[in-house]
file upload-v7.pdb (PDB, C-alpha atoms and all ligand atoms)
ATOM      1  CA  MET V   1     -36.524 216.401  40.077
ATOM      2  CA  ALA V   2     -37.712 219.114  42.434
ATOM      3  CA  PRO V   3     -39.808 218.333  45.508
ATOM      4  CA  THR V   4     -43.492 219.341  45.344
ATOM      5  CA  LYS V   5     -43.146 221.483  48.497
ATOM      6  CA  PRO V   6     -40.228 222.975  50.439
ATOM      7  CA  VAL V   7     -38.973 220.256  52.805
ATOM      8  CA  ASP V   8     -36.160 220.001  55.309
ATOM      9  CA  GLY V   9     -33.216 217.607  55.118
ATOM     10  CA  LEU V  10     -30.975 216.730  52.202
ATOM     11  CA  LEU V  11     -32.703 213.404  51.493
ATOM     12  CA  ARG V  12     -36.101 214.988  51.082
ATOM     13  CA  GLN V  13     -34.604 217.620  48.774
ATOM     14  CA  ILE V  14     -33.447 215.004  46.314
ATOM     15  CA  ILE V  15     -36.300 212.488  46.553
ATOM     16  CA  MET V  16     -39.719 213.664  45.527
ATOM     17  CA  PRO V  17     -42.207 212.637  48.295
ATOM     18  CA  VAL V  18     -44.881 211.822  45.699
ATOM     19  CA  ASP V  19     -44.068 210.892  42.126
ATOM     20  CA  VAL V  20     -47.115 210.302  39.932
ATOM     21  CA  GLY V  21     -46.277 208.239  36.844
ATOM     22  CA  SER V  22     -48.470 206.830  34.098
ATOM     23  CA  ASP V  23     -48.789 203.384  35.742
ATOM     24  CA  THR V  24     -47.789 203.876  39.374
ATOM     25  CA  VAL V  25     -47.458 206.448  42.137
ATOM     26  CA  LYS V  26     -44.375 206.387  44.354
ATOM     27  CA  LEU V  27     -44.317 207.754  47.897
ATOM     28  CA  SER V  28     -41.051 208.315  49.789
ATOM     29  CA  LEU V  29     -40.417 209.167  53.409
ATOM     30  CA  GLY V  30     -36.822 208.911  54.616
ATOM     31  CA  ALA V  31     -35.748 205.278  54.173
ATOM     32  CA  SER V  32     -39.340 204.092  53.596
ATOM     33  CA  SER V  33     -41.178 204.001  50.315
ATOM     34  CA  VAL V  34     -44.387 202.744  48.803
ATOM     35  CA  GLU V  35     -45.419 202.168  45.214
ATOM     36  CA  VAL V  36     -49.070 201.987  44.202
ATOM     37  CA  ALA V  37     -50.266 200.747  40.808
ATOM     38  CA  LEU V  38     -53.056 202.914  39.417
ATOM     39  CA  LYS V  39     -54.636 199.645  38.285
ATOM     40  CA  GLY V  40     -56.690 198.715  41.323
ATOM     41  CA  ALA V  41     -54.876 201.295  43.507
ATOM     42  CA  THR V  42     -52.890 198.166  44.343
ATOM     43  CA  VAL V  43     -49.996 198.807  46.719
ATOM     44  CA  ILE V  44     -47.207 196.840  45.022
ATOM     45  CA  SER V  45     -44.246 197.733  47.216
ATOM     46  CA  TYR V  46     -43.659 198.775  50.798
ATOM     47  CA  VAL V  47     -40.023 199.184  51.752
ATOM     48  CA  HIS V  48     -39.529 199.652  55.478
ATOM     49  CA  ASP V  49     -36.114 199.735  57.113
ATOM     50  CA  GLY V  50     -34.485 198.965  53.772
ATOM     51  CA  ARG V  51     -36.482 195.754  53.196
ATOM     52  CA  GLU V  52     -39.360 194.970  50.859
ATOM     53  CA  ARG V  53     -42.324 193.860  52.980
ATOM     54  CA  LEU V  54     -44.765 192.815  50.247
ATOM     55  CA  PHE V  55     -44.713 189.963  47.758
ATOM     56  CA  VAL V  56     -45.641 190.550  44.118
ATOM     57  CA  SER V  57     -45.333 187.732  41.590
ATOM     58  CA  SER V  58     -42.923 188.651  38.792
ATOM     59  CA  LYS V  59     -45.609 187.366  36.390
ATOM     60  CA  SER V  60     -47.924 190.260  37.339
ATOM     61  CA  ASP V  61     -48.591 193.008  34.834
ATOM     62  CA  ILE V  62     -48.868 196.268  36.742
ATOM     63  CA  ARG V  63     -49.624 198.492  33.745
ATOM     64  CA  THR V  64     -52.912 200.375  33.444
ATOM     65  CA  SER V  65     -53.208 198.987  29.898
ATOM     66  CA  ASP V  66     -53.624 195.459  31.320
ATOM     67  CA  SER V  67     -56.922 194.470  32.903
ATOM     68  CA  THR V  68     -55.912 191.476  35.016
ATOM     69  CA  ALA V  69     -55.537 191.628  38.798
ATOM     70  CA  ILE V  70     -52.030 191.967  40.200
ATOM     71  CA  ARG V  71     -50.868 188.787  41.958
ATOM     72  CA  GLY V  72     -49.541 190.240  45.168
ATOM     73  CA  GLY V  73     -49.131 193.495  47.046
ATOM     74  CA  VAL V  74     -52.461 194.689  48.452
ATOM     75  CA  PRO V  75     -55.283 194.026  45.981
ATOM     76  CA  LEU V  76     -58.445 195.801  47.062
ATOM     77  CA  CYS V  77     -61.493 193.513  46.853
ATOM     78  CA  TRP V  78     -64.796 195.346  46.348
ATOM     79  CA  PRO V  79     -67.835 195.030  46.136
ATOM     80  CA  VAL V  80     -67.483 191.286  46.737
ATOM     81  CA  PHE V  81     -64.922 189.099  48.436
ATOM     82  CA  GLY V  82     -64.313 185.759  46.722
ATOM     83  CA  PRO V  83     -66.809 184.458  44.187
ATOM     84  CA  PRO V  84     -69.875 186.723  43.807
ATOM     85  CA  PRO V  85     -72.969 185.356  45.561
ATOM     86  CA  ALA V  86     -74.884 183.062  43.212
ATOM     87  CA  GLY V  87     -78.480 183.690  42.186
ATOM     88  CA  ASN V  88     -78.381 187.462  42.688
ATOM     89  CA  GLU V  89     -78.780 189.569  39.541
ATOM     90  CA  LEU V  90     -76.794 192.441  41.098
ATOM     91  CA  TYR V  91     -73.605 190.368  41.201
ATOM     92  CA  SER V  92     -74.143 188.142  38.164
ATOM     93  CA  LYS V  93     -71.612 189.987  35.963
ATOM     94  CA  LEU V  94     -68.905 190.365  38.598
ATOM     95  CA  LYS V  95     -65.694 188.388  38.768
ATOM     96  CA  GLN V  96     -64.088 186.955  41.910
ATOM     97  CA  HIS V  97     -63.151 189.770  44.362
ATOM     98  CA  GLY V  98     -65.045 192.372  42.270
ATOM     99  CA  PHE V  99     -63.883 195.121  39.942
ATOM    100  CA  ALA V 100     -62.024 197.583  42.205
ATOM    101  CA  ARG V 101     -58.746 195.662  41.869
ATOM    102  CA  THR V 102     -58.733 195.717  38.067
ATOM    103  CA  ASN V 103     -60.007 199.213  37.263
ATOM    104  CA  VAL V 104     -57.791 202.255  36.961
ATOM    105  CA  TRP V 105     -58.156 204.687  39.873
ATOM    106  CA  GLU V 106     -57.628 208.463  39.755
ATOM    107  CA  VAL V 107     -55.222 210.361  41.977
ATOM    108  CA  ALA V 108     -57.516 212.787  43.825
ATOM    109  CA  ASP V 109     -55.105 214.419  46.270
ATOM    110  CA  GLN V 110     -51.634 214.250  47.764
ATOM    111  CA  GLN V 111     -50.234 215.603  51.009
ATOM    112  CA  ASP V 112     -46.731 215.771  52.377
ATOM    113  CA  SER V 113     -45.932 216.706  55.961
ATOM    114  CA  LYS V 114     -43.362 215.747  58.573
ATOM    115  CA  ASP V 115     -45.858 213.124  59.855
ATOM    116  CA  GLY V 116     -46.096 211.309  56.578
ATOM    117  CA  VAL V 117     -46.864 211.274  52.906
ATOM    118  CA  LYS V 118     -50.386 210.552  51.690
ATOM    119  CA  VAL V 119     -51.945 209.921  48.334
ATOM    120  CA  VAL V 120     -55.696 209.738  47.933
ATOM    121  CA  PHE V 121     -57.139 207.583  45.140
ATOM    122  CA  LYS V 122     -60.686 207.665  43.857
ATOM    123  CA  LEU V 123     -62.881 205.235  41.932
ATOM    124  CA  SER V 124     -66.340 206.195  40.663
ATOM    125  CA  PRO V 125     -68.631 204.307  38.289
ATOM    126  CA  THR V 126     -67.310 204.454  34.716
ATOM    127  CA  GLU V 127     -69.314 203.196  31.735
ATOM    128  CA  ALA V 128     -67.371 199.904  31.923
ATOM    129  CA  ILE V 129     -68.161 199.531  35.629
ATOM    130  CA  LYS V 130     -71.830 200.445  35.096
ATOM    131  CA  SER V 131     -72.065 197.625  32.562
ATOM    132  CA  VAL V 132     -71.286 195.072  35.317
ATOM    133  CA  PHE V 133     -72.594 196.807  38.461
ATOM    134  CA  LYS V 134     -75.570 199.089  38.350
ATOM    135  CA  LEU V 135     -75.442 200.763  41.778
ATOM    136  CA  SER V 136     -73.987 204.205  42.512
ATOM    137  CA  PHE V 137     -70.928 204.421  44.754
ATOM    138  CA  ALA V 138     -67.827 206.481  45.491
ATOM    139  CA  LEU V 139     -64.645 204.824  46.736
ATOM    140  CA  ILE V 140     -61.850 206.857  48.289
ATOM    141  CA  TYR V 141     -58.663 205.044  49.239
ATOM    142  CA  THR V 142     -55.892 206.774  51.167
ATOM    143  CA  VAL V 143     -52.382 205.363  51.196
ATOM    144  CA  ASP V 144     -50.548 206.985  54.082
ATOM    145  CA  LEU V 145     -46.839 206.292  54.475
ATOM    146  CA  ARG V 146     -45.801 207.140  58.034
ATOM    147  CA  PRO V 147     -42.362 206.980  59.652
ATOM    148  CA  TYR V 148     -43.064 203.598  61.296
ATOM    149  CA  SER V 149     -46.099 202.256  59.470
ATOM    150  CA  LEU V 150     -48.226 202.099  56.366
ATOM    151  CA  ARG V 151     -51.855 203.019  56.931
ATOM    152  CA  LEU V 152     -54.497 202.193  54.323
ATOM    153  CA  THR V 153     -57.976 203.685  54.625
ATOM    154  CA  LEU V 154     -60.928 202.727  52.460
ATOM    155  CA  HIS V 155     -63.934 205.006  52.494
ATOM    156  CA  VAL V 156     -67.118 203.851  50.752
ATOM    157  CA  ALA V 157     -70.017 206.223  50.178
ATOM    158  CA  ASN V 158     -73.476 205.699  48.756
ATOM    159  CA  PRO V 159     -74.345 209.091  47.219
ATOM    160  CA  SER V 160     -77.364 210.860  48.697
ATOM    161  CA  ASN V 161     -79.140 210.855  45.312
ATOM    162  CA  ALA V 162     -78.758 207.052  44.952
ATOM    163  CA  VAL V 163     -81.994 205.152  44.450
ATOM    164  CA  ALA V 164     -81.020 202.014  46.378
ATOM    165  CA  ALA V 165     -78.957 200.752  49.293
ATOM    166  CA  LEU V 166     -75.378 199.753  48.465
ATOM    167  CA  PRO V 167     -74.487 196.249  49.719
ATOM    168  CA  PHE V 168     -70.822 195.227  49.663
ATOM    169  CA  GLN V 169     -68.065 193.038  51.011
ATOM    170  CA  THR V 170     -64.459 194.170  50.954
ATOM    171  CA  ALA V 171     -60.890 193.119  51.749
ATOM    172  CA  LEU V 172     -57.372 194.450  51.703
ATOM    173  CA  HIS V 173     -55.852 191.212  50.436
ATOM    174  CA  THR V 174     -52.326 191.826  51.748
ATOM    175  CA  TYR V 175     -49.511 189.507  50.565
ATOM    176  CA  PHE V 176     -46.765 189.766  53.219
ATOM    177  CA  ARG V 177     -43.324 188.850  51.893
ATOM    178  CA  LEU V 178     -41.664 186.386  54.269
ATOM    179  CA  PRO V 179     -38.195 187.170  55.631
ATOM    180  CA  GLN V 180     -35.204 185.412  54.046
ATOM    181  CA  GLY V 181     -35.127 181.707  54.944
ATOM    182  CA  VAL V 182     -38.723 181.643  56.243
ATOM    183  CA  THR V 183     -41.424 179.564  54.496
ATOM    184  CA  PRO V 184     -45.177 179.465  55.273
ATOM    185  CA  PRO V 185     -45.030 176.580  57.819
ATOM    186  CA  ASP V 186     -42.659 178.805  59.874
ATOM    187  CA  VAL V 187     -45.335 181.504  60.103
ATOM    188  CA  SER V 188     -48.004 181.885  62.762
ATOM    189  CA  VAL V 189     -50.711 184.425  63.470
ATOM    190  CA  ASP V 190     -51.728 185.446  66.999
ATOM    191  CA  GLY V 191     -55.114 186.836  67.957
ATOM    192  CA  LEU V 192     -57.475 184.324  66.336
ATOM    193  CA  GLU V 193     -58.079 181.988  69.295
ATOM    194  CA  ASN V 194     -61.762 181.243  70.047
ATOM    195  CA  LEU V 195     -62.986 182.881  66.828
ATOM    196  CA  ALA V 196     -65.422 181.189  64.455
ATOM    197  CA  TYR V 197     -63.984 180.618  60.984
ATOM    198  CA  ASN V 198     -65.040 179.238  57.616
ATOM    199  CA  ASP V 199     -62.471 176.823  56.223
ATOM    200  CA  LYS V 200     -62.441 177.216  52.430
ATOM    201  CA  VAL V 201     -60.124 174.189  52.077
ATOM    202  CA  SER V 202     -62.300 171.635  53.925
ATOM    203  CA  GLY V 203     -65.587 173.444  53.279
ATOM    204  CA  GLU V 204     -66.419 173.478  57.012
ATOM    205  CA  GLN V 205     -68.353 176.487  58.280
ATOM    206  CA  LYS V 206     -68.208 178.282  61.605
ATOM    207  CA  VAL V 207     -65.544 176.101  63.185
ATOM    208  CA  THR V 208     -64.084 177.413  66.464
ATOM    209  CA  GLU V 209     -60.358 178.144  66.382
ATOM    210  CA  ARG V 210     -58.666 176.450  69.324
ATOM    211  CA  ARG V 211     -55.099 177.510  68.668
ATOM    212  CA  LYS V 212     -53.476 180.527  70.294
ATOM    213  CA  GLU V 213     -51.027 180.679  67.413
ATOM    214  CA  VAL V 214     -52.405 179.656  64.035
ATOM    215  CA  VAL V 215     -49.603 178.044  62.057
ATOM    216  CA  ILE V 216     -49.758 178.015  58.243
ATOM    217  CA  ASP V 217     -49.864 174.231  58.079
ATOM    218  CA  GLY V 218     -53.015 173.109  56.241
ATOM    219  CA  PRO V 219     -53.353 169.970  54.077
ATOM    220  CA  ASN V 220     -50.795 170.126  51.221
ATOM    221  CA  GLY V 221     -49.635 173.346  52.878
ATOM    222  CA  GLU V 222     -52.893 175.095  51.972
ATOM    223  CA  ILE V 223     -54.745 177.370  54.376
ATOM    224  CA  ASP V 224     -57.696 179.549  53.381
ATOM    225  CA  ARG V 225     -59.811 180.734  56.280
ATOM    226  CA  VAL V 226     -62.187 183.580  56.999
ATOM    227  CA  TYR V 227     -62.126 184.437  60.720
ATOM    228  CA  PHE V 228     -65.206 186.323  61.856
ATOM    229  CA  ARG V 229     -65.104 189.269  64.266
ATOM    230  CA  ALA V 230     -61.326 189.244  64.439
ATOM    231  CA  PRO V 231     -59.700 191.537  67.005
ATOM    232  CA  ASN V 232     -58.388 194.824  65.735
ATOM    233  CA  GLU V 233     -54.803 193.804  66.424
ATOM    234  CA  LEU V 234     -53.208 190.717  64.863
ATOM    235  CA  VAL V 235     -49.574 189.713  64.979
ATOM    236  CA  MET V 236     -47.639 187.591  62.492
ATOM    237  CA  ARG V 237     -44.584 185.764  63.845
ATOM    238  CA  PHE V 238     -41.755 183.928  62.126
ATOM    239  CA  LYS V 239     -40.140 180.862  63.707
ATOM    240  CA  GLY V 240     -36.608 181.605  64.868
ATOM    241  CA  GLN V 241     -36.923 185.364  64.301
ATOM    242  CA  THR V 242     -37.680 188.123  66.761
ATOM    243  CA  GLU V 243     -39.208 190.515  64.262
ATOM    244  CA  THR V 244     -43.008 190.550  64.069
ATOM    245  CA  VAL V 245     -45.542 192.129  61.738
ATOM    246  CA  LYS V 246     -48.418 193.905  63.421
ATOM    247  CA  VAL V 247     -51.734 194.568  61.708
ATOM    248  CA  THR V 248     -54.026 197.107  63.348
ATOM    249  CA  LYS V 249     -57.431 197.479  61.775
ATOM    250  CA  SER V 250     -60.815 199.091  62.271
ATOM    251  CA  GLY V 251     -64.052 198.799  60.310
ATOM    252  CA  PHE V 252     -62.938 195.542  58.659
ATOM    253  CA  ALA V 253     -64.605 193.138  61.103
ATOM    254  CA  ASP V 254     -63.114 189.911  59.740
ATOM    255  CA  ALA V 255     -59.665 188.600  58.839
ATOM    256  CA  VAL V 256     -58.476 186.105  56.246
ATOM    257  CA  VAL V 257     -55.389 183.922  56.394
ATOM    258  CA  TRP V 258     -54.395 182.460  53.022
ATOM    259  CA  ASN V 259     -51.564 180.567  51.424
ATOM    260  CA  PRO V 260     -52.257 178.057  48.624
ATOM    261  CA  GLY V 261     -49.367 175.703  49.501
ATOM    262  CA  PRO V 262     -47.143 174.127  46.822
ATOM    263  CA  LYS V 263     -49.748 171.845  45.211
ATOM    264  CA  LYS V 264     -52.379 174.492  44.498
ATOM    265  CA  GLY V 265     -49.835 177.326  44.332
ATOM    266  CA  SER V 266     -48.043 175.759  41.383
ATOM    267  CA  THR V 267     -51.317 175.718  39.408
ATOM    268  CA  ILE V 268     -51.905 179.487  39.766
ATOM    269  CA  ALA V 269     -51.145 180.836  36.293
ATOM    270  CA  ASP V 270     -49.698 184.206  37.316
ATOM    271  CA  MET V 271     -47.674 182.848  40.268
ATOM    272  CA  GLU V 272     -43.919 183.073  39.753
ATOM    273  CA  GLU V 273     -41.952 179.812  40.156
ATOM    274  CA  GLY V 274     -42.085 178.884  43.867
ATOM    275  CA  GLY V 275     -43.812 182.193  44.714
ATOM    276  CA  TYR V 276     -46.321 180.510  47.050
ATOM    277  CA  ASP V 277     -43.412 179.872  49.454
ATOM    278  CA  ARG V 278     -42.566 183.578  49.695
ATOM    279  CA  TYR V 279     -45.717 185.044  51.246
ATOM    280  CA  VAL V 280     -48.632 184.658  53.597
ATOM    281  CA  CYS V 281     -51.786 186.737  53.170
ATOM    282  CA  LEU V 282     -53.234 188.272  56.320
ATOM    283  CA  GLU V 283     -56.175 190.326  55.180
ATOM    284  CA  GLY V 284     -58.464 192.840  56.805
ATOM    285  CA  CYS V 285     -61.934 192.002  55.449
ATOM    286  CA  GLN V 286     -65.606 192.603  55.762
ATOM    287  CA  VAL V 287     -67.104 189.325  54.598
ATOM    288  CA  GLU V 288     -70.123 188.585  56.755
ATOM    289  CA  PRO V 289     -72.514 190.284  56.889
ATOM    290  CA  PHE V 290     -72.459 192.493  53.793
ATOM    291  CA  VAL V 291     -72.387 196.183  54.699
ATOM    292  CA  TYR V 292     -75.649 197.850  53.562
ATOM    293  CA  LEU V 293     -75.302 201.580  53.033
ATOM    294  CA  ASP V 294     -78.464 203.585  52.600
ATOM    295  CA  PRO V 295     -78.277 206.603  50.258
ATOM    296  CA  GLY V 296     -76.216 209.351  51.892
ATOM    297  CA  LYS V 297     -74.389 206.945  54.231
ATOM    298  CA  ASP V 298     -70.749 205.924  54.283
ATOM    299  CA  TRP V 299     -68.372 203.348  55.750
ATOM    300  CA  THR V 300     -64.679 203.518  56.597
ATOM    301  CA  GLY V 301     -62.140 200.743  57.162
ATOM    302  CA  THR V 302     -58.511 201.190  58.168
ATOM    303  CA  TYR V 303     -55.668 198.691  58.007
ATOM    304  CA  GLU V 304     -52.234 199.619  59.326
ATOM    305  CA  VAL V 305     -49.014 197.614  59.074
ATOM    306  CA  SER V 306     -46.151 198.122  61.510
ATOM    307  CA  PHE V 307     -43.293 196.033  62.828
ATOM    308  CA  GLY V 308     -42.171 194.909  66.268
ATOM    309  CA  GLN V 309     -39.208 193.071  67.747
TER     310      GLN V 309
HETATM  311  O1  LIG V 401     -58.316 185.633  50.266
HETATM  312  C1  LIG V 401     -58.224 184.291  49.964
HETATM  313  C2  LIG V 401     -58.840 184.018  48.592
HETATM  314  O2  LIG V 401     -60.179 184.392  48.566
HETATM  315  C3  LIG V 401     -58.611 182.543  48.316
HETATM  316  O3  LIG V 401     -59.780 181.779  48.332
HETATM  317  C4  LIG V 401     -57.791 182.511  47.065
HETATM  318  O4  LIG V 401     -58.253 181.844  46.002
HETATM  319  C5  LIG V 401     -57.316 183.930  46.924
HETATM  320  O5  LIG V 401     -58.198 184.775  47.582
HETATM  321  C6  LIG V 401     -56.812 184.467  45.625
HETATM  322  O6  LIG V 401     -57.820 184.872  44.778
HETATM  323  P1  LIG V 401     -57.492 185.344  43.298
HETATM  324  O7  LIG V 401     -58.800 185.684  42.694
HETATM  325  O8  LIG V 401     -56.594 186.546  43.429
HETATM  326  O9  LIG V 401     -56.788 184.207  42.636
END

call {"tool": "encode", "arguments": {"input": "upload-v7.pdb", "output": "structure tokens", "more": "lines below"}}
Ligand code: TA6
result
Amino acid sequence: MAPTKPVDGLLRQIIMPVDVGSDTVKLSLGASSVEVALKGATVISYVHDGRERLFVSSKSDIRTSDSTAIRGGVPLCWPVFGPPPAGNELYSKLKQHGFARTNVWEVADQQDSKDGVKVVFKLSPTEAIKSVFKLSFALIYTVDLRPYSLRLTLHVANPSNAVAALPFQTALHTYFRLPQGVTPPDVSVDGLENLAYNDKVSGEQKVTERRKEVVIDGPNGEIDRVYFRAPNELVMRFKGQTETVKVTKSGFADAVVWNPGPKKGSTIADMEEGGYDRYVCLEGCQVEPFVYLDPGKDWTGTYEVSFGQ
């Protein structure tokens, strides 16, 4: 297969930087690669330094012909996060986490330079979407594979001819694959101390986090928390390992930490056997308040993953 543009170096002559298939798009940059399912523009693989960094359940169906959400990778939640708000006609036909993660996105653009490889995905209202959500919108999602990081940028626009404001929540629901030999109770997240959080396991609201390092150690192993106004840099650490995962975000004001633990995890229909032990979700989110975009306005959120020692 020939490269899309002249590139230097033997490796880049034999590996196409962007390979658009019928179900997925593959991006390659040296020893790094990313694969994005067109269903949901869901990033389903990020290989950095020869290692897969994302978890995807082997029970997931990544094909465009299937309409279920992919269990793993980076599902994109929009226009709601979690169950749609009750008692509001606008959201009454939406499923949990909205429709962006289950609809097929278009490839709008691709760019390849020495600084990275980018693919731009687009989702606009189709007839099927209009039947469950009546507002106008344009979503642009850029997956940017860089030499030392993966940067994801979501751009939401309310067209200038729209007749109403566009309210939404959103999340990049990232499932980080844990290193070999590490399970969720060995994982901690730094940067959440003193933040208010909603605990979706206990039902408590606006609790203050007292821990400097939040360990994934909830009841029955379950943790499901929305941290409000999270700092734009969060670090995930693994007990007994020096390597860290760094998340750098902007626009997404909140952060979610989620792992269902063995009890709940084994009841999730599309979870592979024992899969709940292989990941922790650390998500960049905008949960509270909803963003309200007037006609002609837009919003951008970025979420970048890199690694430290
Ligand atoms: O981000 C955490 C969460 O909202 C949890 O409450 C949990 O149920 C999870 O997302 C998975 O949701 P899903 O709809 O993919 O099963």

call {"tool": "resolve_selection", "arguments": {"input": "upload-v7.pdb", "expression": "the PyMOL selection byres (((chain V and resi 141) around 8) and not hetatm)", "output": "number ranges by chain"}}
result
V: 41, 120-122, 139-140, 142-143, 152-155

call {"tool": "resolve_selection", "arguments": {"input": "upload-v7.pdb", "expression": "the PyMOL selection byres (((not hetatm)) within 10 of (chain V and resi 401))", "output": "PyMOL selection string"}}
result
chain V and resi 68-72+75+77+81-83+95-98+101+171-175+199-201+223-226+255-260+264-265+268-271+281-285

call {"tool": "residues_around", "arguments": {"input": "upload-v7.pdb", "residues": "Val18 in chain V", "least_positions_apart": "2", "cutoff": "6 Å", "atoms": "all atoms listed in the file", "output": "count of residues only"}}
result
3

call {"tool": "atom_distance", "arguments": {"input": "upload-v7.pdb", "atom1": "CA of Tyr91 in chain V", "atom2": "CA of Pro159 in chain V"}}
result
19.7 Å

call {"tool": "atom_distance", "arguments": {"input": "upload-v7.pdb", "atom1": "CA of Phe99 in chain V", "atom2": "CA of Phe252 in chain V"}}
result
18.7 Å

call {"tool": "closest_residue", "arguments": {"input": "upload-v7.pdb", "among": "V:Trp105, V:Tyr276, V:Phe176, V:Phe133", "to": "Leu90 in chain V", "atoms": "only C-alpha atoms"}}
result
V:Phe133

call {"tool": "residues_near_point", "arguments": {"input": "upload-v7.pdb", "point": "(-59.7, 198.8, 36.0)", "cutoff": "12 Å", "atoms": "all atoms listed in the file", "output": "MDAnalysis selection string"}}
result
chainID V and resid 23 37:42 62:70 75:76 98:106 122:129

call {"tool": "residues_around", "arguments": {"input": "upload-v7.pdb", "residues": "Phe137 in chain V", "least_positions_apart": "5", "cutoff": "12 Å", "atoms": "all atoms listed in the file", "output": "CSV table (one decimal) with C-alpha atoms, keeping the file's coordinate frame"}}
result
chain,number,residue,atom,x,y,z
V,78,TRP,CA,-64.8,195.3,46.3
V,79,PRO,CA,-67.8,195.0,46.1
V,100,ALA,CA,-62.0,197.6,42.2
V,122,LYS,CA,-60.7,207.7,43.9
V,123,LEU,CA,-62.9,205.2,41.9
V,124,SER,CA,-66.3,206.2,40.7
V,125,PRO,CA,-68.6,204.3,38.3
V,126,THR,CA,-67.3,204.5,34.7
V,129,ILE,CA,-68.2,199.5,35.6
V,130,LYS,CA,-71.8,200.4,35.1
V,155,HIS,CA,-63.9,205.0,52.5
V,156,VAL,CA,-67.1,203.9,50.8
V,157,ALA,CA,-70.0,206.2,50.2
V,158,ASN,CA,-73.5,205.7,48.8
V,159,PRO,CA,-74.3,209.1,47.2
V,160,SER,CA,-77.4,210.9,48.7
V,161,ASN,CA,-79.1,210.9,45.3
V,162,ALA,CA,-78.8,207.1,45.0
V,163,VAL,CA,-82.0,205.2,44.4
V,164,ALA,CA,-81.0,202.0,46.4
V,165,ALA,CA,-79.0,200.8,49.3
V,166,LEU,CA,-75.4,199.8,48.5
V,167,PRO,CA,-74.5,196.2,49.7
V,168,PHE,CA,-70.8,195.2,49.7
V,292,TYR,CA,-75.6,197.8,53.6
V,293,LEU,CA,-75.3,201.6,53.0
V,294,ASP,CA,-78.5,203.6,52.6
V,295,PRO,CA,-78.3,206.6,50.3
V,296,GLY,CA,-76.2,209.4,51.9
V,297,LYS,CA,-74.4,206.9,54.2
V,298,ASP,CA,-70.7,205.9,54.3
V,299,TRP,CA,-68.4,203.3,55.8

call {"tool": "axis_aligned_box", "arguments": {"input": "upload-v7.pdb", "around": "range 255-258 of chain V", "padding_each_side": "8 Å", "output": "AutoDock Vina command-line options"}}
result
--center_x -57.0 --center_y 185.5 --center_z 55.9 --size_x 21.3 --size_y 22.1 --size_z 21.8

call {"tool": "atom_distance", "arguments": {"input": "upload-v7.pdb", "atom1": "CA of Gly275 in chain V", "atom2": "CA of Gly221 in chain V"}}
result
13.4 Å

call {"tool": "closest_residue", "arguments": {"input": "upload-v7.pdb", "among": "V:Thr244, V:Ser113, V:Gln169, V:Ser92", "to": "Lys134 in chain V", "atoms": "all atoms listed in the file"}}
result
V:Ser92

call {"tool": "closest_residue", "arguments": {"input": "upload-v7.pdb", "among": "V:Gly203, V:Gly261, V:Gly21, V:Gly87", "to": "Ile216 in chain V", "atoms": "all atoms listed in the file"}}
result
V:Gly261

call {"tool": "residues_around", "arguments": {"input": "upload-v7.pdb", "residues": "Gln180 in chain V", "least_positions_apart": "2", "cutoff": "12 Å", "atoms": "all atoms listed in the file", "output": "list in words"}}
result
Arg51, Glu52, Arg53, Arg177, Leu178, Val182, Thr183, Pro184, Asp186, Phe238, Lys239, Gly240, Gln241, Asp277, Arg278 and Tyr279 of chain V

call {"tool": "residues_around", "arguments": {"input": "upload-v7.pdb", "residues": "Ser250 in chain V", "least_positions_apart": "3", "cutoff": "10 Å", "atoms": "all atoms listed in the file", "output": "list in words"}}
result
Thr153, Pro231, Asn232, Glu233, Ala253, Asp254, Gly284, Cys285, Thr300, Gly301, Thr302, Tyr303 and Glu304 of chain V
